[in-house]
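Text of run.pdb (PDB, C-alpha atoms) as supplied:
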MODEL        1
ATOM      1  CA  MET A   1     -89.398  71.207  91.083
ATOM      2  CA  SER A   2     -93.115  71.724  90.840
ATOM      3  CA  PRO A   3     -94.136  75.399  90.876
ATOM      4  CA  ASP A   4     -97.172  74.636  93.050
ATOM      5  CA  VAL A   5     -95.041  73.578  96.037
ATOM      6  CA  SER A   6     -95.864  76.091  98.733
ATOM      7  CA  ALA A   7     -95.153  74.489 102.105
ATOM      8  CA  GLU A   8     -92.353  75.486 104.432
ATOM      9  CA  VAL A   9     -90.852  72.601 106.388
ATOM     10  CA  GLU A  10     -89.144  73.129 109.751
ATOM     11  CA  TYR A  11     -86.688  70.547 111.088
ATOM     12  CA  ARG A  12     -86.139  71.927 114.608
ATOM     13  CA  ILE A  13     -87.855  68.962 116.317
ATOM     14  CA  VAL A  14     -85.547  66.528 114.515
ATOM     15  CA  ARG A  15     -82.556  68.723 115.375
ATOM     16  CA  ASN A  16     -83.482  68.811 119.045
ATOM     17  CA  GLY A  17     -83.808  65.024 119.070
ATOM     18  CA  VAL A  18     -80.321  64.624 117.594
ATOM     19  CA  VAL A  19     -78.880  67.041 120.152
ATOM     20  CA  ARG A  20     -80.579  65.086 122.971
ATOM     21  CA  ASP A  21     -79.196  61.820 121.593
ATOM     22  CA  VAL A  22     -75.665  63.267 121.629
ATOM     23  CA  GLN A  23     -76.106  64.606 125.171
ATOM     24  CA  ARG A  24     -77.376  61.212 126.367
ATOM     25  CA  GLY A  25     -74.559  59.326 124.646
ATOM     26  CA  ARG A  26     -76.751  57.548 122.094
ATOM     27  CA  LEU A  27     -74.872  59.303 119.302
ATOM     28  CA  GLY A  28     -71.240  60.325 119.325
ATOM     29  CA  LYS A  29     -69.962  63.710 118.206
ATOM     30  CA  ILE A  30     -68.181  61.923 115.386
ATOM     31  CA  ASP A  31     -71.617  60.845 114.107
ATOM     32  CA  VAL A  32     -72.979  64.386 113.830
ATOM     33  CA  CYS A  33     -69.932  66.622 113.359
ATOM     34  CA  ASP A  34     -69.315  65.643 109.760
ATOM     35  CA  ALA A  35     -70.105  68.687 107.633
ATOM     36  CA  HIS A  36     -68.879  68.526 104.050
ATOM     37  CA  PRO A  37     -65.813  70.731 103.415
ATOM     38  CA  GLU A  38     -67.801  72.878 100.952
ATOM     39  CA  LEU A  39     -70.487  73.514 103.579
ATOM     40  CA  LEU A  40     -67.801  74.528 106.082
ATOM     41  CA  ARG A  41     -66.219  76.810 103.476
ATOM     42  CA  ALA A  42     -69.582  78.447 102.798
ATOM     43  CA  ALA A  43     -70.182  78.849 106.541
ATOM     44  CA  ARG A  44     -66.822  80.550 107.039
ATOM     45  CA  ASN A  45     -67.015  82.787 103.971
ATOM     46  CA  VAL A  46     -70.653  83.678 103.310
ATOM     47  CA  GLY A  47     -72.621  82.334 106.277
ATOM     48  CA  ARG A  48     -74.699  84.638 108.425
ATOM     49  CA  PRO A  49     -73.460  84.499 112.042
ATOM     50  CA  THR A  50     -75.996  83.945 114.811
ATOM     51  CA  LYS A  51     -75.770  84.530 118.551
ATOM     52  CA  GLU A  52     -76.589  80.888 119.233
ATOM     53  CA  VAL A  53     -73.865  78.700 120.739
ATOM     54  CA  CYS A  54     -73.309  75.290 119.154
ATOM     55  CA  PRO A  55     -75.332  72.671 121.055
ATOM     56  CA  ILE A  56     -72.680  70.016 120.377
ATOM     57  CA  CYS A  57     -69.325  71.616 121.243
ATOM     58  CA  ASP A  58     -70.761  74.379 123.501
ATOM     59  CA  ASP A  59     -68.024  76.648 122.211
ATOM     60  CA  GLY A  60     -68.513  77.809 118.630
ATOM     61  CA  ARG A  61     -71.195  80.160 117.350
ATOM     62  CA  LEU A  62     -73.653  78.794 114.822
ATOM     63  CA  VAL A  63     -73.771  80.208 111.311
ATOM     64  CA  LYS A  64     -76.727  80.045 108.911
ATOM     65  CA  VAL A  65     -76.046  79.075 105.318
ATOM     66  CA  THR A  66     -78.763  79.122 102.674
ATOM     67  CA  PHE A  67     -78.646  77.221  99.404
ATOM     68  CA  VAL A  68     -81.053  78.134  96.604
ATOM     69  CA  PHE A  69     -81.935  75.694  93.815
ATOM     70  CA  GLY A  70     -84.038  76.290  90.742
ATOM     71  CA  ALA A  71     -84.206  76.799  86.993
ATOM     72  CA  LYS A  72     -81.402  78.830  85.461
ATOM     73  CA  LEU A  73     -79.209  78.342  88.541
ATOM     74  CA  PRO A  74     -76.075  76.175  88.691
ATOM     75  CA  ALA A  75     -76.668  72.455  89.298
ATOM     76  CA  GLY A  76     -75.138  72.820  92.770
ATOM     77  CA  GLY A  77     -77.436  75.738  93.546
ATOM     78  CA  ARG A  78     -76.439  79.200  94.695
ATOM     79  CA  CYS A  79     -75.225  80.127  98.128
ATOM     80  CA  PRO A  80     -76.021  83.828  98.492
ATOM     81  CA  GLY A  81     -73.391  85.794 100.364
ATOM     82  CA  THR A  82     -75.639  88.617 101.517
ATOM     83  CA  VAL A  83     -79.217  89.048 102.654
ATOM     84  CA  ALA A  84     -79.782  91.309  99.639
ATOM     85  CA  GLU A  85     -78.602  88.566  97.272
ATOM     86  CA  LEU A  86     -80.896  86.057  99.007
ATOM     87  CA  ARG A  87     -83.849  88.458  98.630
ATOM     88  CA  GLN A  88     -83.050  88.891  94.945
ATOM     89  CA  LEU A  89     -82.997  85.119  94.400
ATOM     90  CA  THR A  90     -86.295  84.631  96.254
ATOM     91  CA  LYS A  91     -88.019  87.286  94.131
ATOM     92  CA  ARG A  92     -87.202  85.612  90.804
ATOM     93  CA  THR A  93     -90.014  84.950  88.369
ATOM     94  CA  GLU A  94     -88.974  81.284  88.320
ATOM     95  CA  PRO A  95     -89.733  79.306  91.482
ATOM     96  CA  VAL A  96     -86.797  78.303  93.661
ATOM     97  CA  LEU A  97     -86.380  76.040  96.660
ATOM     98  CA  CYS A  98     -84.309  77.334  99.586
ATOM     99  CA  TYR A  99     -82.534  75.189 102.175
ATOM    100  CA  GLU A 100     -81.353  76.859 105.378
ATOM    101  CA  VAL A 101     -78.633  74.967 107.237
ATOM    102  CA  GLU A 102     -77.081  75.784 110.589
ATOM    103  CA  VAL A 103     -73.378  75.047 110.829
ATOM    104  CA  CYS A 104     -70.737  75.212 113.544
ATOM    105  CA  PRO A 105     -67.466  75.991 111.750
ATOM    106  CA  ASP A 106     -65.525  74.939 114.868
ATOM    107  CA  CYS A 107     -66.740  71.338 115.303
ATOM    108  CA  ALA A 108     -68.438  70.730 111.893
ATOM    109  CA  TRP A 109     -71.935  70.195 113.387
ATOM    110  CA  HIS A 110     -74.602  70.907 110.800
ATOM    111  CA  HIS A 111     -78.313  70.443 110.516
ATOM    112  CA  LEU A 112     -80.966  71.355 107.974
ATOM    113  CA  MET A 113     -83.212  73.828 109.785
ATOM    114  CA  ARG A 114     -85.850  74.504 107.170
ATOM    115  CA  LYS A 115     -86.658  74.386 103.509
ATOM    116  CA  TYR A 116     -89.081  76.679 101.773
ATOM    117  CA  PRO A 117     -90.202  77.628  98.292
ATOM    118  CA  ALA A 118     -89.765  81.151  96.988
ATOM    119  CA  GLY A 119     -89.858  83.044  93.732
ATOM    120  CA  GLY A 120     -92.319  82.358  90.996
ATOM    121  CA  VAL A 121     -94.270  85.459  91.999
ATOM    122  CA  LYS A 122     -95.571  86.254  88.504
ATOM    123  CA  ALA A 123     -96.343  82.608  87.793
ATOM    124  CA  ARG A 124     -98.364  82.295  91.026
ATOM    125  CA  ALA A 125    -100.195  85.568  90.335
ATOM    126  CA  ARG A 126    -101.161  84.367  86.842
ATOM    127  CA  LYS A 127    -102.341  81.025  88.247
ATOM    128  CA  LYS A 128    -104.569  82.747  90.833
ATOM    129  CA  ALA A 129    -105.960  85.136  88.228
ATOM    130  CA  GLY A 130    -106.861  82.222  85.952
ATOM    131  CA  SER A 131    -108.554  80.213  88.741
TER     132      SER A 131
ENDMDL
END
Target format structure tokens, applied to this file:
Amino acid sequence: MSPDVSAEVEYRIVRNGVVRDVQRGRLGKIDVCDAHPELLRAARNVGRPTKEVCPICDDGRLVKVTFVFGAKLPAGGRCPGTVAELRQLTKRTEPVLCYEVEVCPDCAWHHLMRKYPAGGVKARARKKAGS
């Protein structure tokens, strides 16, 4: 990952299009309710509950799960279990890339909501000072 990556990417428009396609019958629930078992496990055990109802099953509550990837982290990334742990990971001196996924543990709907860079604070400060 390049340390100069600084853009946050939102995927809500794509998500809304998928939801519309399911509602209109262009996509079946089987096509979108296919979360990996590890993602479902993370959603059930360390996900952050939201008040939003699942747009696919209209029954379950959505859960946010964040995965953090970067140097000196496991190859599969870290899935912080608390907001404090997420803050600690995003304040690292090494840059990290965070992926926030919404998941419905009831029907296995999932969608990447956003990805954003974090960390690398000292490295960015040194770069700006040297500019």
- For CA of Val65 (chain A) and CA of Pro80 (chain A), determine how far apart the two atoms are, in Å to one decimal place.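 Rounded to one decimal, the two atoms are 8.3 Å apart.
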- Message: Could you tell me, as a VMD selection string, exactly which residues end up selected when the PyMOL selection byres ((chain A and resi 40) around 10) is applied to this structure?
- Response: chain A and resid 34 to 39 41 to 47 63 65 103 to 110
- Around (-86.8, 74.7, 91.6) in the file's own coordinates, what residues are found within 7 Å if you use all atoms listed in the file, given back as a PyMOL selection string? chain A and resi 1+69-71+95-97
- Item | Selection under test: the PyMOL selection byres ((chain A and resi 62) around 7); residues as a ChimeraX atom specification | /A:49-50,52-54,60-61,63-64,102-104
Write to file, as an mmCIF file, in the coordinates of the input, the residues of the selection just made, with C-alpha atoms.
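Contents of again-v9.cif, freshly written:
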data_model
loop_
_atom_site.group_PDB
_atom_site.id
_atom_site.type_symbol
_atom_site.label_atom_id
_atom_site.label_comp_id
_atom_site.auth_asym_id
_atom_site.auth_seq_id
_atom_site.Cartn_x
_atom_site.Cartn_y
_atom_site.Cartn_z
ATOM 1 C CA PRO A 49 -73.460 84.499 112.042
ATOM 2 C CA THR A 50 -75.996 83.945 114.811
ATOM 3 C CA GLU A 52 -76.589 80.888 119.233
ATOM 4 C CA VAL A 53 -73.865 78.700 120.739
ATOM 5 C CA CYS A 54 -73.309 75.290 119.154
ATOM 6 C CA GLY A 60 -68.513 77.809 118.630
ATOM 7 C CA ARG A 61 -71.195 80.160 117.350
ATOM 8 C CA VAL A 63 -73.771 80.208 111.311
ATOM 9 C CA LYS A 64 -76.727 80.045 108.911
ATOM 10 C CA GLU A 102 -77.081 75.784 110.589
ATOM 11 C CA VAL A 103 -73.378 75.047 110.829
ATOM 12 C CA CYS A 104 -70.737 75.212 113.544
#
- Message: Applying the PyMOL selection byres ((chain A and resi 19) around 12) to the file I just gave you, which residues come out? Please list them as a ChimeraX atom specification.
- Response: /A:12-18,20-29,31-33,54-58,109-111
- Task: Return the single residue from A:Val101, A:Val68, A:Leu112, A:Ala75 that is closest to Gln88 (chain A), with distances computed using only C-alpha atoms.
- Result: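 Using only C-alpha atoms, Gln88 (chain A) sits closest to A:Val68.
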- Message: Set the distance at 12 Å and use only C-alpha atoms: which residues neighbour Lys72 (chain A) once local chain neighbours fewer than 4 positions away are removed? I'd like the list as number ranges by chain.
- Response: A: 68, 76-78, 89, 92-96
- Query: Rounded to one decimal in Å, what is the spacing between CA of Lys51 (chain A) and CA of Cys79 (chain A)?
  - Reply: 20.9 Å
- Task: Could you jot down the CA of Tyr116 (chain A) to CA of Tyr11 (chain A) separation for me, Å, one decimal place?
- Result: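 Between CA of Tyr116 (chain A) and CA of Tyr11 (chain A) the gap works out to 11.4 Å.
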- For Lys115 (chain A), which residue among A:Thr90, A:Ile30, A:Thr82, A:Phe67 is the nearest when counting all atoms listed in the file?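 Of all the options, A:Phe67 lies closest to Lys115 (chain A).
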Missing atoms in region 86-108 of chain A should be modelled up to N, CA, C and O atoms and reported as a PDB file, in the frame of the given file.
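Written file, part_39.pdb:
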ATOM      1  N   LEU A  86     -79.864  87.054  98.720  1.00  0.00           N
ATOM      2  CA  LEU A  86     -80.896  86.057  99.007  1.00  0.00           C
ATOM      3  C   LEU A  86     -82.270  86.601  98.629  1.00  0.00           C
ATOM      4  O   LEU A  86     -83.061  85.919  97.987  1.00  0.00           O
ATOM      5  N   ARG A  87     -82.557  87.841  98.992  1.00  0.00           N
ATOM      6  CA  ARG A  87     -83.849  88.458  98.630  1.00  0.00           C
ATOM      7  C   ARG A  87     -84.035  88.489  97.117  1.00  0.00           C
ATOM      8  O   ARG A  87     -85.113  88.211  96.621  1.00  0.00           O
ATOM      9  N   GLN A  88     -82.973  88.826  96.414  1.00  0.00           N
ATOM     10  CA  GLN A  88     -83.050  88.891  94.945  1.00  0.00           C
ATOM     11  C   GLN A  88     -83.369  87.511  94.369  1.00  0.00           C
ATOM     12  O   GLN A  88     -84.208  87.383  93.475  1.00  0.00           O
ATOM     13  N   LEU A  89     -82.735  86.474  94.897  1.00  0.00           N
ATOM     14  CA  LEU A  89     -82.997  85.119  94.400  1.00  0.00           C
ATOM     15  C   LEU A  89     -84.419  84.663  94.721  1.00  0.00           C
ATOM     16  O   LEU A  89     -85.036  83.950  93.935  1.00  0.00           O
ATOM     17  N   THR A  90     -84.953  85.072  95.868  1.00  0.00           N
ATOM     18  CA  THR A  90     -86.295  84.631  96.254  1.00  0.00           C
ATOM     19  C   THR A  90     -87.395  85.446  95.584  1.00  0.00           C
ATOM     20  O   THR A  90     -88.568  85.103  95.711  1.00  0.00           O
ATOM     21  N   LYS A  91     -87.026  86.482  94.854  1.00  0.00           N
ATOM     22  CA  LYS A  91     -88.019  87.286  94.131  1.00  0.00           C
ATOM     23  C   LYS A  91     -87.999  86.999  92.632  1.00  0.00           C
ATOM     24  O   LYS A  91     -88.641  87.692  91.859  1.00  0.00           O
ATOM     25  N   ARG A  92     -87.279  85.964  92.223  1.00  0.00           N
ATOM     26  CA  ARG A  92     -87.202  85.612  90.804  1.00  0.00           C
ATOM     27  C   ARG A  92     -88.579  85.221  90.275  1.00  0.00           C
ATOM     28  O   ARG A  92     -89.431  84.770  91.023  1.00  0.00           O
ATOM     29  N   THR A  93     -88.743  85.366  88.969  1.00  0.00           N
ATOM     30  CA  THR A  93     -90.014  84.950  88.369  1.00  0.00           C
ATOM     31  C   THR A  93     -90.116  83.433  88.332  1.00  0.00           C
ATOM     32  O   THR A  93     -91.206  82.882  88.368  1.00  0.00           O
ATOM     33  N   GLU A  94     -88.971  82.744  88.271  1.00  0.00           N
ATOM     34  CA  GLU A  94     -88.974  81.284  88.320  1.00  0.00           C
ATOM     35  C   GLU A  94     -88.996  80.841  89.784  1.00  0.00           C
ATOM     36  O   GLU A  94     -88.339  81.443  90.620  1.00  0.00           O
ATOM     37  N   PRO A  95     -89.720  79.784  90.102  1.00  0.00           N
ATOM     38  CA  PRO A  95     -89.733  79.306  91.482  1.00  0.00           C
ATOM     39  C   PRO A  95     -88.380  78.703  91.873  1.00  0.00           C
ATOM     40  O   PRO A  95     -87.675  78.132  91.032  1.00  0.00           O
ATOM     41  N   VAL A  96     -88.026  78.878  93.119  1.00  0.00           N
ATOM     42  CA  VAL A  96     -86.797  78.303  93.661  1.00  0.00           C
ATOM     43  C   VAL A  96     -87.133  77.592  94.968  1.00  0.00           C
ATOM     44  O   VAL A  96     -88.181  77.837  95.569  1.00  0.00           O
ATOM     45  N   LEU A  97     -86.236  76.724  95.386  1.00  0.00           N
ATOM     46  CA  LEU A  97     -86.380  76.040  96.660  1.00  0.00           C
ATOM     47  C   LEU A  97     -85.158  76.381  97.494  1.00  0.00           C
ATOM     48  O   LEU A  97     -84.018  76.221  97.048  1.00  0.00           O
ATOM     49  N   CYS A  98     -85.385  76.890  98.708  1.00  0.00           N
ATOM     50  CA  CYS A  98     -84.309  77.334  99.586  1.00  0.00           C
ATOM     51  C   CYS A  98     -84.127  76.354 100.743  1.00  0.00           C
ATOM     52  O   CYS A  98     -85.116  75.887 101.318  1.00  0.00           O
ATOM     53  N   TYR A  99     -82.883  76.062 101.057  1.00  0.00           N
ATOM     54  CA  TYR A  99     -82.534  75.189 102.175  1.00  0.00           C
ATOM     55  C   TYR A  99     -81.665  75.984 103.132  1.00  0.00           C
ATOM     56  O   TYR A  99     -80.600  76.461 102.744  1.00  0.00           O
ATOM     57  N   GLU A 100     -82.113  76.126 104.371  1.00  0.00           N
ATOM     58  CA  GLU A 100     -81.353  76.859 105.378  1.00  0.00           C
ATOM     59  C   GLU A 100     -80.718  75.854 106.334  1.00  0.00           C
ATOM     60  O   GLU A 100     -81.407  75.048 106.957  1.00  0.00           O
ATOM     61  N   VAL A 101     -79.395  75.910 106.431  1.00  0.00           N
ATOM     62  CA  VAL A 101     -78.633  74.967 107.237  1.00  0.00           C
ATOM     63  C   VAL A 101     -77.906  75.734 108.327  1.00  0.00           C
ATOM     64  O   VAL A 101     -77.337  76.798 108.071  1.00  0.00           O
ATOM     65  N   GLU A 102     -77.912  75.183 109.556  1.00  0.00           N
ATOM     66  CA  GLU A 102     -77.081  75.784 110.589  1.00  0.00           C
ATOM     67  C   GLU A 102     -75.795  74.968 110.671  1.00  0.00           C
ATOM     68  O   GLU A 102     -75.808  73.742 110.532  1.00  0.00           O
ATOM     69  N   VAL A 103     -74.692  75.679 110.851  1.00  0.00           N
ATOM     70  CA  VAL A 103     -73.378  75.047 110.829  1.00  0.00           C
ATOM     71  C   VAL A 103     -72.532  75.618 111.957  1.00  0.00           C
ATOM     72  O   VAL A 103     -72.570  76.816 112.220  1.00  0.00           O
ATOM     73  N   CYS A 104     -71.761  74.762 112.604  1.00  0.00           N
ATOM     74  CA  CYS A 104     -70.737  75.212 113.544  1.00  0.00           C
ATOM     75  C   CYS A 104     -69.395  75.033 112.851  1.00  0.00           C
ATOM     76  O   CYS A 104     -68.952  73.893 112.664  1.00  0.00           O
ATOM     77  N   PRO A 105     -68.752  76.118 112.431  1.00  0.00           N
ATOM     78  CA  PRO A 105     -67.466  75.991 111.750  1.00  0.00           C
ATOM     79  C   PRO A 105     -66.376  75.396 112.639  1.00  0.00           C
ATOM     80  O   PRO A 105     -65.389  74.870 112.133  1.00  0.00           O
ATOM     81  N   ASP A 106     -66.554  75.455 113.955  1.00  0.00           N
ATOM     82  CA  ASP A 106     -65.525  74.939 114.868  1.00  0.00           C
ATOM     83  C   ASP A 106     -65.519  73.414 114.954  1.00  0.00           C
ATOM     84  O   ASP A 106     -64.471  72.793 114.890  1.00  0.00           O
ATOM     85  N   CYS A 107     -66.700  72.796 115.111  1.00  0.00           N
ATOM     86  CA  CYS A 107     -66.740  71.338 115.303  1.00  0.00           C
ATOM     87  C   CYS A 107     -67.350  70.585 114.116  1.00  0.00           C
ATOM     88  O   CYS A 107     -67.399  69.368 114.131  1.00  0.00           O
ATOM     89  N   ALA A 108     -67.842  71.302 113.112  1.00  0.00           N
ATOM     90  CA  ALA A 108     -68.438  70.730 111.893  1.00  0.00           C
ATOM     91  C   ALA A 108     -69.839  70.155 112.105  1.00  0.00           C
ATOM     92  O   ALA A 108     -70.325  69.382 111.295  1.00  0.00           O
TER      93      ALA A 108
END
